[in-house]
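Colleague: Pasting a structure below so you can have a look.
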Amino acid sequence: MSQPDIAPQGLPQILAPAGSPARSTQLQGIVLLLLAIFTFTLMDASAKHLTERYHPAQIVWVRFVSNLLIVGLIYAPRLRSTMVSKRPVVQLFRGLTQLGSVGLFFTSLQFIGLAEATAIMDINPVLITLAAAIFLGESIGIRRLIGIAVALCGALIIIRPGAGVFQPAAILPLIGAFTYAAGAILTRLVREDSTATSILWSATVGTILSSLAVPFFWQPIASEDIWAFVLLGIFGTVAQALLIRAFAMAEAAAIAPFGYTGLIWAGFWGWLFWGTLPDRWTIIGALIIVAAGLYVWMREARAMRRAG
């Protein structure tokens, strides 16, 4: 799915002890995250429907413009002060990476199934772990490296380069996973900025740059498609709001594994709306990616528990 604009908050934490207020809050965060992922997959399904008639550049533009308008209205009373960033150059590049991730993912939906694109994109958690080690100096052991390699193998099983069924567009969400990981690392570098500042920056950068491109691909929106564009903006904004609240209530990595539920919903929407089901290789590759992601998460959670 097109990925959320949320700041990673360090390494994974295990759930708080049973009966504690912190655990109750974390459980609420899990519920909100599940709702956010569900809503994001609805946004992705809306985008896939629209790619059957419109160029991805136009769909990406609507996604960012609607996001900017809604978020801008929410922060209107303090918009100018909220936009002030301590590291504007880094925020600019953050916006570029998010635009790249959304654009690559939406473009891939013209050619491959929603479940396949979502599964490939979902290697981003392990890529973030690798990028944090390379660029931020965070420790990474051989077992985590193995987990990362296994996740990449899972993606290759889905893509199947060299096979007769190979679709070059399947490379797009793979590149999108890398751009998303890069954006996550840049987000860590601007963690002194508020979440609102980061959201406004990414929405503004995405709107400006997609506005430069959309005139070359614009086509009039048919009246019967207005509902899909409206839902695209609503689902994206609601999902982001739910996600912000979820990560405010619980440690980011404590609830992150539940993001893999998006694979289930993506497969369901693909069957419900397009009558397609993931083939066995996609299912095998997706299971490998999820297993590798959960393994890396568990290793980091154990490391944090020992450090504490």
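Convention: chains lettered A, B, ... in structure tokens order; per-chain residue numbering from 1; ligands numbered from 1 as shown.
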Using only C-alpha atoms, which protein or nucleic acid residues come within 12 Å of Glu224 (chain A)? Drop anything in the same chain fewer than 5 positions from it, and give the result as a list of chain:residue names.
Modeller: A:Leu50, A:Arg53, A:Phe229, A:Val230
Colleague: Include all heavy atoms and write out the residues we just selected as a PDB file, in the first residue's frame.
Modeller:
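out-v1.pdb was written with the following content:
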```pdb
ATOM      1  N   LEU A  50      -9.149   3.752 -10.313  1.00  0.00           N
ATOM      2  CA  LEU A  50      -8.958   4.952 -11.130  1.00  0.00           C
ATOM      3  C   LEU A  50      -7.872   4.771 -12.182  1.00  0.00           C
ATOM      4  O   LEU A  50      -7.928   5.399 -13.240  1.00  0.00           O
ATOM      5  CB  LEU A  50      -8.634   6.145 -10.228  1.00  0.00           C
ATOM      6  CG  LEU A  50      -9.805   6.649  -9.369  1.00  0.00           C
ATOM      7  CD1 LEU A  50      -9.320   7.636  -8.316  1.00  0.00           C
ATOM      8  CD2 LEU A  50     -10.886   7.289 -10.249  1.00  0.00           C
ATOM      9  N   ARG A  53      -8.655   4.170 -15.829  1.00  0.00           N
ATOM     10  CA  ARG A  53      -9.143   5.223 -16.734  1.00  0.00           C
ATOM     11  C   ARG A  53      -8.262   6.464 -16.754  1.00  0.00           C
ATOM     12  O   ARG A  53      -8.338   7.260 -17.700  1.00  0.00           O
ATOM     13  CB  ARG A  53     -10.564   5.643 -16.319  1.00  0.00           C
ATOM     14  CG  ARG A  53     -11.583   4.521 -16.318  1.00  0.00           C
ATOM     15  CD  ARG A  53     -12.975   5.079 -16.082  1.00  0.00           C
ATOM     16  NE  ARG A  53     -13.977   4.028 -15.960  1.00  0.00           N
ATOM     17  CZ  ARG A  53     -15.270   4.244 -15.844  1.00  0.00           C
ATOM     18  NH1 ARG A  53     -15.735   5.491 -15.843  1.00  0.00           N
ATOM     19  NH2 ARG A  53     -16.124   3.229 -15.719  1.00  0.00           N
ATOM     20  N   PHE A 229     -12.608   9.607  -6.836  1.00  0.00           N
ATOM     21  CA  PHE A 229     -11.609  10.603  -6.471  1.00  0.00           C
ATOM     22  C   PHE A 229     -11.884  11.160  -5.076  1.00  0.00           C
ATOM     23  O   PHE A 229     -10.953  11.397  -4.302  1.00  0.00           O
ATOM     24  CB  PHE A 229     -11.585  11.737  -7.499  1.00  0.00           C
ATOM     25  CG  PHE A 229     -10.811  11.414  -8.745  1.00  0.00           C
ATOM     26  CD1 PHE A 229     -11.452  11.071  -9.919  1.00  0.00           C
ATOM     27  CD2 PHE A 229      -9.421  11.465  -8.740  1.00  0.00           C
ATOM     28  CE1 PHE A 229     -10.737  10.772 -11.070  1.00  0.00           C
ATOM     29  CE2 PHE A 229      -8.692  11.181  -9.889  1.00  0.00           C
ATOM     30  CZ  PHE A 229      -9.348  10.825 -11.053  1.00  0.00           C
ATOM     31  N   VAL A 230     -13.159  11.373  -4.770  1.00  0.00           N
ATOM     32  CA  VAL A 230     -13.524  11.877  -3.437  1.00  0.00           C
ATOM     33  C   VAL A 230     -13.133  10.859  -2.369  1.00  0.00           C
ATOM     34  O   VAL A 230     -12.543  11.200  -1.336  1.00  0.00           O
ATOM     35  CB  VAL A 230     -15.033  12.190  -3.364  1.00  0.00           C
ATOM     36  CG1 VAL A 230     -15.445  12.498  -1.926  1.00  0.00           C
ATOM     37  CG2 VAL A 230     -15.372  13.362  -4.271  1.00  0.00           C
TER      38      VAL A 230
END
```
Colleague: For region 162-196 of chain A versus region 93-112 of chain A, which residues have an atom no more than 7 Å away, and what is each residue's nearest atom pair and distance in Å rounded to one decimal, using only C-alpha atoms, chain-then-number order, as a tab-separated table?
Modeller:
```
residue	atom	partner	partner_atom	distance
A:Ala169	CA	A:Ser108	CA	5.4
A:Ala170	CA	A:Ser108	CA	6.6
A:Leu172	CA	A:Leu104	CA	5.3
A:Pro173	CA	A:Phe105	CA	5.2
A:Gly176	CA	A:Ser101	CA	4.4
A:Ala177	CA	A:Ser101	CA	6.9
A:Thr179	CA	A:Thr97	CA	5.3
A:Tyr180	CA	A:Ser101	CA	5.8
A:Ala182	CA	A:Thr97	CA	6.8
A:Gly183	CA	A:Arg94	CA	5.1
A:Leu186	CA	A:Arg94	CA	5.9
A:Thr187	CA	A:Arg94	CA	6.8
```
Colleague: Write out, as CSV, each residue of region 225-246 of chain A that has an atom at most 8 Å from region 38-43 of chain A, together with the closest pair of atoms and their distance in Å to one decimal, counting only C-alpha atoms, rows going by chain and rising number.
Modeller:
```
residue,atom,partner,partner_atom,distance
A:Leu231,CA,A:Met43,CA,7.1
A:Leu232,CA,A:Met43,CA,5.1
A:Gly233,CA,A:Met43,CA,7.8
A:Phe235,CA,A:Met43,CA,5.2
A:Gly236,CA,A:Met43,CA,5.9
A:Val238,CA,A:Thr39,CA,7.4
A:Ala239,CA,A:Thr39,CA,5.3
```
Colleague: I need the residues of region 159-305 of chain A that end up classed as alpha helix (DSSP H) by DSSP on the backbone, written out as a compact mmCIF listing (two decimals) with N, CA, C and O atoms, in the first residue's frame.
Modeller:
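And here is the file that came out, part.txt:
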```
# COMPACT_ATOMS: atom_id res chain seq x y z
N ILE A 159 8.02 -11.33 -7.60
CA ILE A 159 8.34 -10.67 -8.87
C ILE A 159 8.72 -11.69 -9.94
O ILE A 159 8.37 -11.56 -11.11
N ILE A 171 8.63 -4.28 -10.47
CA ILE A 171 9.83 -3.65 -9.91
C ILE A 171 9.47 -2.33 -9.23
O ILE A 171 10.15 -1.88 -8.30
N LEU A 172 8.39 -1.70 -9.67
CA LEU A 172 8.04 -0.37 -9.16
C LEU A 172 7.77 -0.36 -7.66
O LEU A 172 8.32 0.48 -6.94
N PRO A 173 6.92 -1.25 -7.13
CA PRO A 173 6.74 -1.23 -5.67
C PRO A 173 7.99 -1.63 -4.90
O PRO A 173 8.16 -1.22 -3.76
N LEU A 174 8.87 -2.41 -5.54
CA LEU A 174 10.14 -2.74 -4.89
C LEU A 174 10.99 -1.49 -4.72
O LEU A 174 11.54 -1.23 -3.64
N ILE A 175 11.07 -0.68 -5.78
CA ILE A 175 11.78 0.60 -5.68
C ILE A 175 11.07 1.50 -4.68
O ILE A 175 11.69 2.22 -3.89
N GLY A 176 9.73 1.45 -4.69
CA GLY A 176 8.95 2.24 -3.75
C GLY A 176 9.25 1.89 -2.31
O GLY A 176 9.25 2.76 -1.43
N ALA A 177 9.51 0.62 -2.04
CA ALA A 177 9.86 0.20 -0.68
C ALA A 177 11.18 0.83 -0.25
O ALA A 177 11.36 1.22 0.91
N PHE A 178 12.12 0.95 -1.20
CA PHE A 178 13.40 1.58 -0.89
C PHE A 178 13.23 3.08 -0.65
O PHE A 178 13.85 3.64 0.27
N THR A 179 12.40 3.74 -1.46
CA THR A 179 12.20 5.17 -1.26
C THR A 179 11.47 5.43 0.06
O THR A 179 11.73 6.42 0.74
N TYR A 180 10.55 4.52 0.42
CA TYR A 180 9.86 4.68 1.69
C TYR A 180 10.84 4.52 2.85
O TYR A 180 10.78 5.26 3.84
N ALA A 181 11.73 3.54 2.76
CA ALA A 181 12.74 3.34 3.81
C ALA A 181 13.62 4.57 3.93
O ALA A 181 13.97 5.01 5.03
N ALA A 182 13.99 5.15 2.78
CA ALA A 182 14.80 6.37 2.81
C ALA A 182 14.04 7.50 3.50
O ALA A 182 14.61 8.25 4.30
N GLY A 183 12.74 7.60 3.22
CA GLY A 183 11.94 8.63 3.87
C GLY A 183 11.84 8.43 5.37
O GLY A 183 11.84 9.39 6.14
N ALA A 184 11.78 7.16 5.79
CA ALA A 184 11.72 6.87 7.23
C ALA A 184 13.00 7.31 7.93
O ALA A 184 12.97 7.84 9.04
N ILE A 185 14.13 7.09 7.27
CA ILE A 185 15.41 7.51 7.85
C ILE A 185 15.48 9.03 7.92
O ILE A 185 15.93 9.61 8.92
N LEU A 186 15.02 9.70 6.87
CA LEU A 186 15.01 11.17 6.88
C LEU A 186 14.07 11.69 7.96
O LEU A 186 14.34 12.73 8.57
N THR A 187 13.00 10.96 8.22
CA THR A 187 12.07 11.36 9.27
C THR A 187 12.74 11.32 10.63
O THR A 187 12.50 12.17 11.48
N ARG A 188 13.59 10.34 10.83
CA ARG A 188 14.33 10.28 12.10
C ARG A 188 15.24 11.49 12.25
O ARG A 188 15.48 11.96 13.37
N LEU A 189 15.75 11.98 11.13
CA LEU A 189 16.66 13.12 11.19
C LEU A 189 15.93 14.43 11.51
O LEU A 189 16.57 15.40 11.92
N THR A 195 5.02 16.20 14.45
CA THR A 195 4.39 15.36 13.43
C THR A 195 3.59 16.21 12.45
O THR A 195 3.59 15.96 11.25
N ALA A 196 2.90 17.22 12.98
CA ALA A 196 2.11 18.11 12.12
C ALA A 196 3.00 18.81 11.09
O ALA A 196 2.63 18.93 9.92
N THR A 197 4.17 19.25 11.52
CA THR A 197 5.10 19.91 10.60
C THR A 197 5.53 18.96 9.49
O THR A 197 5.54 19.33 8.31
N SER A 198 5.86 17.73 9.86
CA SER A 198 6.29 16.76 8.85
C SER A 198 5.17 16.43 7.87
O SER A 198 5.41 16.32 6.66
N ILE A 199 3.95 16.29 8.37
CA ILE A 199 2.82 15.98 7.49
C ILE A 199 2.57 17.13 6.52
O ILE A 199 2.38 16.91 5.31
N LEU A 200 2.59 18.36 7.02
CA LEU A 200 2.35 19.51 6.16
C LEU A 200 3.44 19.65 5.10
O LEU A 200 3.16 19.99 3.95
N TRP A 201 4.68 19.40 5.49
CA TRP A 201 5.78 19.49 4.53
C TRP A 201 5.62 18.45 3.41
O TRP A 201 5.76 18.77 2.23
N SER A 202 5.35 17.20 3.79
CA SER A 202 5.23 16.16 2.77
C SER A 202 4.02 16.42 1.86
O SER A 202 4.10 16.23 0.64
N ALA A 203 2.91 16.89 2.44
CA ALA A 203 1.74 17.20 1.64
C ALA A 203 2.00 18.37 0.69
O ALA A 203 1.57 18.36 -0.47
N THR A 204 2.73 19.38 1.18
CA THR A 204 3.03 20.55 0.36
C THR A 204 3.99 20.20 -0.77
O THR A 204 3.77 20.58 -1.93
N VAL A 205 5.06 19.49 -0.44
CA VAL A 205 6.03 19.10 -1.47
C VAL A 205 5.35 18.22 -2.52
O VAL A 205 5.54 18.41 -3.73
N GLY A 206 4.56 17.25 -2.07
CA GLY A 206 3.88 16.37 -3.01
C GLY A 206 2.91 17.13 -3.90
O GLY A 206 2.82 16.85 -5.10
N THR A 207 2.19 18.09 -3.33
CA THR A 207 1.24 18.88 -4.11
C THR A 207 1.94 19.73 -5.15
O THR A 207 1.54 19.77 -6.33
N ILE A 208 3.00 20.43 -4.75
CA ILE A 208 3.71 21.32 -5.68
C ILE A 208 4.31 20.53 -6.84
O ILE A 208 4.13 20.89 -8.01
N LEU A 209 5.02 19.46 -6.53
CA LEU A 209 5.71 18.71 -7.59
C LEU A 209 4.73 17.96 -8.49
O LEU A 209 4.92 17.92 -9.71
N SER A 210 3.69 17.38 -7.90
CA SER A 210 2.71 16.69 -8.75
C SER A 210 1.92 17.68 -9.59
O SER A 210 1.48 17.35 -10.70
N SER A 211 1.76 18.93 -9.10
CA SER A 211 1.07 19.96 -9.88
C SER A 211 1.87 20.36 -11.11
O SER A 211 1.29 20.76 -12.13
N LEU A 212 3.20 20.24 -11.02
CA LEU A 212 4.04 20.54 -12.18
C LEU A 212 3.89 19.48 -13.26
O LEU A 212 4.03 19.78 -14.46
N ALA A 213 3.61 18.25 -12.86
CA ALA A 213 3.53 17.15 -13.81
C ALA A 213 2.13 16.92 -14.36
O ALA A 213 1.97 16.53 -15.52
N ILE A 226 -16.28 10.80 -10.14
CA ILE A 226 -16.02 11.78 -9.08
C ILE A 226 -16.01 11.10 -7.71
O ILE A 226 -15.18 11.41 -6.85
N TRP A 227 -16.93 10.16 -7.51
CA TRP A 227 -17.01 9.48 -6.21
C TRP A 227 -15.70 8.79 -5.84
O TRP A 227 -15.30 8.80 -4.67
N ALA A 228 -15.03 8.21 -6.85
CA ALA A 228 -13.79 7.49 -6.58
C ALA A 228 -12.68 8.45 -6.18
O ALA A 228 -11.88 8.16 -5.26
N PHE A 229 -12.61 9.61 -6.84
CA PHE A 229 -11.61 10.60 -6.47
C PHE A 229 -11.88 11.16 -5.08
O PHE A 229 -10.95 11.40 -4.30
N VAL A 230 -13.16 11.37 -4.77
CA VAL A 230 -13.52 11.88 -3.44
C VAL A 230 -13.13 10.86 -2.37
O VAL A 230 -12.54 11.20 -1.34
N LEU A 231 -13.45 9.59 -2.61
CA LEU A 231 -13.09 8.54 -1.65
C LEU A 231 -11.59 8.41 -1.49
O LEU A 231 -11.10 8.15 -0.38
N LEU A 232 -10.86 8.59 -2.58
CA LEU A 232 -9.40 8.53 -2.51
C LEU A 232 -8.87 9.54 -1.50
O LEU A 232 -8.03 9.20 -0.65
N GLY A 233 -9.37 10.78 -1.58
CA GLY A 233 -8.92 11.81 -0.65
C GLY A 233 -9.40 11.56 0.77
O GLY A 233 -8.64 11.73 1.73
N ILE A 234 -10.65 11.14 0.91
CA ILE A 234 -11.20 10.90 2.25
C ILE A 234 -10.50 9.73 2.93
O ILE A 234 -10.08 9.84 4.10
N PHE A 235 -10.37 8.62 2.22
CA PHE A 235 -9.72 7.45 2.80
C PHE A 235 -8.27 7.76 3.21
O PHE A 235 -7.82 7.36 4.29
N GLY A 236 -7.56 8.48 2.34
CA GLY A 236 -6.17 8.80 2.66
C GLY A 236 -6.05 9.67 3.90
O GLY A 236 -5.18 9.42 4.75
N THR A 237 -6.89 10.66 4.03
CA THR A 237 -6.83 11.57 5.17
C THR A 237 -7.28 10.89 6.46
O THR A 237 -6.64 11.03 7.50
N VAL A 238 -8.39 10.15 6.39
CA VAL A 238 -8.88 9.44 7.58
C VAL A 238 -7.86 8.41 8.06
O VAL A 238 -7.59 8.29 9.26
N ALA A 239 -7.28 7.68 7.11
CA ALA A 239 -6.29 6.67 7.47
C ALA A 239 -5.08 7.31 8.15
O ALA A 239 -4.56 6.79 9.15
N GLN A 240 -4.64 8.43 7.62
CA GLN A 240 -3.50 9.11 8.22
C GLN A 240 -3.83 9.62 9.62
O GLN A 240 -3.00 9.52 10.54
N ALA A 241 -5.04 10.14 9.80
CA ALA A 241 -5.45 10.62 11.12
C ALA A 241 -5.48 9.47 12.13
O ALA A 241 -5.03 9.60 13.26
N LEU A 242 -6.03 8.32 11.71
CA LEU A 242 -6.07 7.15 12.59
C LEU A 242 -4.66 6.69 12.93
O LEU A 242 -4.37 6.31 14.07
N LEU A 243 -3.79 6.74 11.94
CA LEU A 243 -2.42 6.29 12.14
C LEU A 243 -1.67 7.19 13.12
O LEU A 243 -0.93 6.72 14.00
N ILE A 244 -1.87 8.49 12.97
CA ILE A 244 -1.23 9.44 13.88
C ILE A 244 -1.65 9.16 15.31
O ILE A 244 -0.84 9.13 16.23
N ARG A 245 -2.96 8.95 15.49
CA ARG A 245 -3.47 8.68 16.83
C ARG A 245 -2.94 7.36 17.38
O ARG A 245 -2.59 7.25 18.55
N ALA A 246 -2.85 6.35 16.51
CA ALA A 246 -2.35 5.04 16.94
C ALA A 246 -0.92 5.14 17.43
O ALA A 246 -0.56 4.59 18.49
N PHE A 247 -0.08 5.85 16.69
CA PHE A 247 1.32 5.96 17.07
C PHE A 247 1.54 6.92 18.23
O PHE A 247 2.58 6.90 18.87
N ALA A 248 0.54 7.77 18.49
CA ALA A 248 0.61 8.63 19.66
C ALA A 248 0.28 7.86 20.93
O ALA A 248 0.75 8.20 22.02
N MET A 249 -0.53 6.81 20.80
CA MET A 249 -0.99 6.07 21.96
C MET A 249 -0.09 4.89 22.31
O MET A 249 -0.11 4.39 23.44
N ALA A 252 5.74 2.89 18.48
CA ALA A 252 5.61 2.61 17.05
C ALA A 252 5.87 1.16 16.71
O ALA A 252 5.08 0.51 16.03
N ALA A 253 7.01 0.62 17.17
CA ALA A 253 7.38 -0.72 16.76
C ALA A 253 6.64 -1.79 17.53
O ALA A 253 6.63 -2.94 17.12
N ALA A 254 6.00 -1.44 18.64
CA ALA A 254 5.21 -2.42 19.38
C ALA A 254 3.97 -2.81 18.59
O ALA A 254 3.47 -3.92 18.69
N ILE A 255 3.45 -1.87 17.79
CA ILE A 255 2.24 -2.14 17.03
C ILE A 255 2.51 -2.34 15.54
O ILE A 255 1.62 -2.76 14.80
N THR A 261 -1.50 -6.77 8.27
CA THR A 261 -2.89 -7.12 7.96
C THR A 261 -3.33 -6.50 6.64
O THR A 261 -4.32 -6.94 6.04
N GLY A 262 -2.58 -5.51 6.18
CA GLY A 262 -2.90 -4.91 4.89
C GLY A 262 -2.83 -5.91 3.75
O GLY A 262 -3.56 -5.78 2.75
N LEU A 263 -1.98 -6.93 3.90
CA LEU A 263 -1.89 -7.97 2.87
C LEU A 263 -3.22 -8.72 2.74
O LEU A 263 -3.64 -9.06 1.63
N ILE A 264 -3.85 -8.98 3.87
CA ILE A 264 -5.13 -9.70 3.85
C ILE A 264 -6.20 -8.87 3.16
O ILE A 264 -6.92 -9.36 2.28
N TRP A 265 -6.27 -7.58 3.55
CA TRP A 265 -7.29 -6.72 2.95
C TRP A 265 -7.04 -6.50 1.46
O TRP A 265 -7.98 -6.47 0.65
N ALA A 266 -5.77 -6.35 1.08
CA ALA A 266 -5.45 -6.14 -0.33
C ALA A 266 -5.90 -7.35 -1.16
O ALA A 266 -6.46 -7.20 -2.26
N GLY A 267 -5.64 -8.55 -0.64
CA GLY A 267 -6.10 -9.74 -1.34
C GLY A 267 -7.61 -9.82 -1.42
O GLY A 267 -8.18 -10.22 -2.45
N PHE A 268 -8.28 -9.41 -0.34
CA PHE A 268 -9.75 -9.45 -0.31
C PHE A 268 -10.34 -8.46 -1.31
O PHE A 268 -11.26 -8.81 -2.05
N TRP A 269 -9.82 -7.22 -1.33
CA TRP A 269 -10.36 -6.24 -2.28
C TRP A 269 -10.09 -6.68 -3.72
O TRP A 269 -10.94 -6.46 -4.61
N GLY A 270 -8.93 -7.29 -3.96
CA GLY A 270 -8.64 -7.78 -5.30
C GLY A 270 -9.64 -8.82 -5.76
O GLY A 270 -10.08 -8.83 -6.92
N TRP A 271 -10.03 -9.71 -4.84
CA TRP A 271 -11.03 -10.74 -5.17
C TRP A 271 -12.42 -10.12 -5.32
O TRP A 271 -13.16 -10.44 -6.26
N LEU A 272 -12.78 -9.21 -4.39
CA LEU A 272 -14.13 -8.65 -4.37
C LEU A 272 -14.41 -7.76 -5.58
O LEU A 272 -15.49 -7.85 -6.20
N PHE A 273 -13.46 -6.90 -5.93
CA PHE A 273 -13.70 -5.90 -6.97
C PHE A 273 -13.22 -6.32 -8.35
O PHE A 273 -13.76 -5.86 -9.36
N TRP A 274 -12.18 -7.17 -8.43
CA TRP A 274 -11.63 -7.53 -9.72
C TRP A 274 -11.64 -9.03 -9.99
O TRP A 274 -11.21 -9.47 -11.05
N ARG A 280 -0.10 -18.85 -6.03
CA ARG A 280 0.60 -19.50 -4.92
C ARG A 280 1.97 -18.90 -4.65
O ARG A 280 2.42 -18.84 -3.51
N TRP A 281 2.64 -18.42 -5.73
CA TRP A 281 3.97 -17.83 -5.53
C TRP A 281 3.87 -16.50 -4.80
O TRP A 281 4.74 -16.16 -3.99
N THR A 282 2.83 -15.73 -5.09
CA THR A 282 2.62 -14.48 -4.36
C THR A 282 2.34 -14.76 -2.89
O THR A 282 2.87 -14.07 -2.01
N ILE A 283 1.53 -15.77 -2.62
CA ILE A 283 1.22 -16.12 -1.23
C ILE A 283 2.48 -16.59 -0.51
O ILE A 283 2.76 -16.18 0.63
N ILE A 284 3.27 -17.44 -1.17
CA ILE A 284 4.51 -17.93 -0.56
C ILE A 284 5.47 -16.76 -0.29
O ILE A 284 6.04 -16.63 0.80
N GLY A 285 5.63 -15.90 -1.28
CA GLY A 285 6.53 -14.75 -1.12
C GLY A 285 6.06 -13.82 -0.02
O GLY A 285 6.87 -13.32 0.78
N ALA A 286 4.74 -13.58 0.04
CA ALA A 286 4.19 -12.70 1.08
C ALA A 286 4.42 -13.29 2.46
O ALA A 286 4.78 -12.57 3.41
N LEU A 287 4.21 -14.60 2.62
CA LEU A 287 4.44 -15.25 3.91
C LEU A 287 5.90 -15.15 4.33
O LEU A 287 6.21 -14.94 5.51
N ILE A 288 6.80 -15.27 3.37
CA ILE A 288 8.23 -15.15 3.67
C ILE A 288 8.56 -13.73 4.12
O ILE A 288 9.30 -13.51 5.09
N ILE A 289 8.00 -12.73 3.44
CA ILE A 289 8.24 -11.34 3.80
C ILE A 289 7.71 -11.05 5.21
O ILE A 289 8.40 -10.43 6.03
N VAL A 290 6.51 -11.51 5.51
CA VAL A 290 5.93 -11.30 6.84
C VAL A 290 6.76 -12.00 7.91
O VAL A 290 7.06 -11.43 8.96
N ALA A 291 7.15 -13.24 7.64
CA ALA A 291 7.94 -13.99 8.62
C ALA A 291 9.28 -13.30 8.88
O ALA A 291 9.72 -13.18 10.03
N ALA A 292 9.92 -12.83 7.82
CA ALA A 292 11.20 -12.14 7.98
C ALA A 292 11.02 -10.83 8.75
O ALA A 292 11.83 -10.49 9.63
N GLY A 293 9.95 -10.10 8.43
CA GLY A 293 9.69 -8.85 9.14
C GLY A 293 9.43 -9.06 10.61
O GLY A 293 9.95 -8.33 11.46
N LEU A 294 8.64 -10.08 10.93
CA LEU A 294 8.35 -10.38 12.33
C LEU A 294 9.61 -10.86 13.06
O LEU A 294 9.82 -10.55 14.24
N TYR A 295 10.46 -11.59 12.35
CA TYR A 295 11.70 -12.07 12.96
C TYR A 295 12.61 -10.90 13.33
O TYR A 295 13.14 -10.82 14.44
N VAL A 296 12.77 -9.97 12.38
CA VAL A 296 13.61 -8.80 12.66
C VAL A 296 13.02 -7.99 13.81
O VAL A 296 13.73 -7.53 14.70
N TRP A 297 11.70 -7.84 13.81
CA TRP A 297 11.04 -7.10 14.90
C TRP A 297 11.28 -7.77 16.24
O TRP A 297 11.58 -7.11 17.23
N MET A 298 11.16 -9.09 16.30
CA MET A 298 11.36 -9.82 17.55
C MET A 298 12.80 -9.69 18.04
O MET A 298 13.05 -9.55 19.24
N ARG A 299 13.75 -9.73 17.11
CA ARG A 299 15.16 -9.60 17.48
C ARG A 299 15.41 -8.22 18.08
O ARG A 299 16.11 -8.08 19.09
N GLU A 300 14.82 -7.19 17.49
CA GLU A 300 15.03 -5.84 18.00
C GLU A 300 14.30 -5.65 19.32
O GLU A 300 14.81 -4.97 20.23
N ALA A 301 13.13 -6.24 19.47
CA ALA A 301 12.40 -6.15 20.73
C ALA A 301 13.20 -6.80 21.84
O ALA A 301 13.29 -6.29 22.96
N ARG A 302 13.82 -7.94 21.55
CA ARG A 302 14.64 -8.64 22.54
C ARG A 302 15.86 -7.80 22.91
O ARG A 302 16.25 -7.72 24.09
N ALA A 303 16.44 -7.15 21.91
CA ALA A 303 17.61 -6.31 22.18
C ALA A 303 17.25 -5.13 23.07
O ALA A 303 17.98 -4.76 23.97
N MET A 304 16.07 -4.54 22.82
CA MET A 304 15.63 -3.41 23.64
C MET A 304 15.33 -3.86 25.06
O MET A 304 15.62 -3.14 26.02
N ARG A 305 14.77 -5.06 25.22
CA ARG A 305 14.46 -5.57 26.54
C ARG A 305 15.74 -5.80 27.35
O ARG A 305 15.80 -5.48 28.53
```
Colleague: Hey, can you check how far CA of Tyr260 (chain A) sits from CA of Leu92 (chain A)?
Modeller: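 A separation of 28.5 Å between them.
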Colleague: Kindly give the distance, in Å, that separates CA of Gln58 (chain A) and CA of Gln219 (chain A), rounded to a single decimal.
Modeller: 8.2 Å
Colleague: Pick from A:Tyr54, A:Ser85, A:Ser46, A:Asn67: nearest to Ser194 (chain A), with only C-alpha atoms counted?
Modeller: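 Comparing A:Tyr54, A:Ser85, A:Ser46, A:Asn67 against Ser194 (chain A), the winner is A:Ser85.
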Colleague: Enter the distance from CA of Gly141 (chain A) to CA of Leu33 (chain A), in Å, rounded to one decimal.
Modeller: 28.9 Å
